[in-house]
Amino acid sequence: MNEERVSLSEIQYRRLFPWLVIFRCFKLAVDPKKLLIALVGLTLFSVGWHAINLGFMHNVFVAEGEEGGVSPVVATDYPWAANGIAPRVWAAYGTEGESPLEVLNSAVDNPLAFLWHIATRWEVLLLPFRELMEPFRAIFSARYMPSRLSVTIPAVNWTIDAGYLVYLVALALWASICWGIAGGAISRIAAMQLGRDERVTLRESLGYTFRYAVSLITAPFIPLFGVALFTFFCLVGGWISNIPAFGPFFAGVLWFLPLLAGLILALLVVGWAVGWPLMVPTLAVEGSDAFDAVSRAFAYSYQRPWNYLFYGFLAVVYGAIATFIYLLFAQLTIYLSVWAVAWGASDQLLADLIRQLPGYTYRLLAVAATASEQPSTYVQYASYFMMFWIMLVVMTGPAFVYSFFWSVATAVYLLLRRDVDATDMDEIWVEEEEEDLFSESFSVETQATPEPATVGQGATEETGAATTGEAAAEASSDTAPGQTGGEQQTGQSSEQEGTSEKPEQS
């Protein structure tokens with residue numbers, strides 16, 4: 001009977017299934033550094049868009065209708081306001097008036113239906129992508145609203161109204177600035193954690209991002225130059241088609257040219273929209289320029305579309321469940337804090353304290369009483385402080401969504417790079433490597449270069465040379481008259497060889 005023990009080798013699941021790296025993104029997304037970067041970026045992004053909307057609505061666009069104004073294309077308010085991003089995130093996993101405990105009860109009553117409900121809430125995780133694509137999508141709309149930034153060419157009676165286009169470009173530029181910096185910092189931290197299992201400080205990630213800020217901001221606009229070029233060719237054809245008699249015939253016969261241009265435009269727009277989330281991780285991982293980010297995004301999207309689709313599907317399903325878990329813990333934190341304090345404080349006081357909170361947060365609080373009409377001054381000031389702390393927890397919800405979005409985008413980029421370029425995931429550009437190589441080469445050259453002799457060293461060398469000469473003279477004097485020094489040395493060496501050979505023979 002064979003009793004030899006066979007050692008079982010450990011199965012490396014990450015090598016067999018590299019896409020398992022996506023399931024590490026929940027832990028990465030709850031990193032306080034990433035949440036802080038996402039929260040600051042989200043606040044600046046929303047405030048900037050709100051200011052652009054107000055500026056263009058009152059000063060640029062022409063009033064329409066009886067209301068005396070036009071509505072903005074992107075109705076983005078402050079992130080904590082009723083029209084901001086926070087209520088859209090918090091309302092995705094429950095109806096108004098439903099407490100976190102009731103959500104847990106529904107999960108226990110029908111777990112499969114509840115799991116299907118939270119796993120299909122993809123709109124929450126895709127909210128960052130939708131917010132960033134909205135101004136670019138509006139650029140390709142059929143008609144623009146009138147504005148005061150219009151110029152009329154008398155010769156051809158052609159009016160160029162650039163106000164709406166300037167408005168959309170301003171929104172897109174501000175979005176690219178905010179999320180190029182914030183998304184780049186989050187992707188840099190995630191790349192070092194996913195690829196090398198190394199921690200990056202907040203200062204190091206922001207320093208790296210600001211060094212590549214120009215590329216991070218301009219990368220999404222590079223494909224639009226190609227779109228503008230082919231659009232200009234079609235624009236020239238549209239001018240020619242206005243010529244009487246000849247123009248319509250010219251447009252009908254050569255309409256295959258606009259179709260070819262439309263095909264190229266479709267490839268550019270689809271590749272840009274699908275590959276845009278990969279541009280920021282490219283710069284965070286490779287440390288290259290904007291052109292390399294665009295080329296890699298297009299190449300990975302079109303060369304491995306099914307891999308990209310599988311990774312994206314897995315990311316949104318897992319991200320929806322991860323977002324629900326995070327929001328549930330945040331809801332329980334707020335709910336149980338008020339519930340515990342209510343054992344000592346009166347319901348009336350708690351109702352007066354939470355009176356400043358937005359309406360979508362009421363379902364998180366266990367307070368049944370209504371607020372007083374005229375609370376005291378101290379209670380009013382206390383309510384502002386309470387609102388600040390509770391809204392800080394509330395705002396971590398959308399911050400987690402953006403943190404997870406850029407973390408999982410980095411993981412998908414590393415997977416696609418592995419599939420297309422056969423590059424290991426731990427190959428991350430680190431600027432300190434160049435400095436280390438330079439310092440090592442410099443130290444080797446320093447060691448190889450002889451140091452100049454000092455006065456004491458020269459004297460020692462002369463003394464050593466004199467001693468060597470005296471020893472040679474004594475050796476020559478001890479030599480027999482008929483024996484030269486060379487023969488004596490030969491004999492001594494042969495004796496030494498014989499002596500050294502004796503132990504071997506014995």
# chains A, B, ... in the order shown; residues from 1 in each chain; ligands from 1

$ residues_around --residues "Phe233 in chain A" --least-positions-apart "4" --cutoff "12 Å" --atoms "only C-alpha atoms" --output "VMD selection string"
chain A and resid 226 to 229 237 to 240 257 to 262 265

$ residues_around --residues "Pro375 in chain A" --least-positions-apart "3" --cutoff "12 Å" --atoms "only C-alpha atoms" --output "PyMOL selection string"
chain A and resi 348-356+370-372+378-383

$ closest_residue --among "A:Ser241, A:Gln303, A:Thr396, A:Thr423" --to "Val40 in chain A" --atoms "only C-alpha atoms"
A:Thr396

$ select_by_dssp --residues "range 233-267 of chain A" --states "helix (DSSP H, G or I)" --output "ChimeraX atom specification"
/A:233-241,246-253,256-267

$ residues_around --residues "range 398-402 of chain A" --least-positions-apart "4" --cutoff "6 Å" --atoms "only C-alpha atoms" --output "PyMOL selection string"
chain A and resi 35+38-39+86

$ atom_distance --atom1 "CA of Leu309 in chain A" --atom2 "CA of Ile177 in chain A"
27.4 Å

$ select_by_dssp --residues "range 35-252 of chain A" --states "strand (DSSP E or B)" --output "list in words"
Phe61, Ser147, Ser150, Val151, Thr152, Ile153, Trp158, Thr159, Ile160 and Asp161 of chain A

$ closest_residue --among "A:Ala245, A:Ala342, A:Leu36, A:Val412" --to "Leu392 in chain A" --atoms "only C-alpha atoms"
A:Leu36

$ closest_atom_pairs --of "range 308-393 of chain A" --to "range 103-118 of chain A" --cutoff "7 Å" --atoms "only C-alpha atoms" --output "tab-separated table"
residue	atom	partner	partner_atom	distance
A:Ala320	CA	A:Ile118	CA	6.4
A:Ile321	CA	A:Ile118	CA	5.9
A:Phe324	CA	A:Ile118	CA	6.8

$ write_last_selection --atoms "C-alpha atoms" --output "short mmCIF file (atom, residue, chain, number, x, y, z; two decimals), in the first residue's frame"
data_model
loop_
_atom_site.label_atom_id
_atom_site.label_comp_id
_atom_site.auth_asym_id
_atom_site.auth_seq_id
_atom_site.Cartn_x
_atom_site.Cartn_y
_atom_site.Cartn_z
CA ALA A 320 -25.27 47.83 -7.95
CA ILE A 321 -25.19 45.29 -5.10
CA PHE A 324 -26.89 49.02 -2.00
#

$ atom_distance --atom1 "CA of Asp419 in chain A" --atom2 "CA of Asn307 in chain A"
8.3 Å

$ residues_around --residues "Thr218 in chain A" --least-positions-apart "6" --cutoff "10 Å" --atoms "only C-alpha atoms" --output "list of chain:residue names"
A:Leu173, A:Ser176, A:Ile177, A:Gly180, A:Asp289, A:Ala290, A:Phe291

$ closest_residue --among "A:Pro79, A:Gly397, A:Gly287, A:Gly359" --to "Arg188 in chain A" --atoms "only C-alpha atoms"
A:Gly287
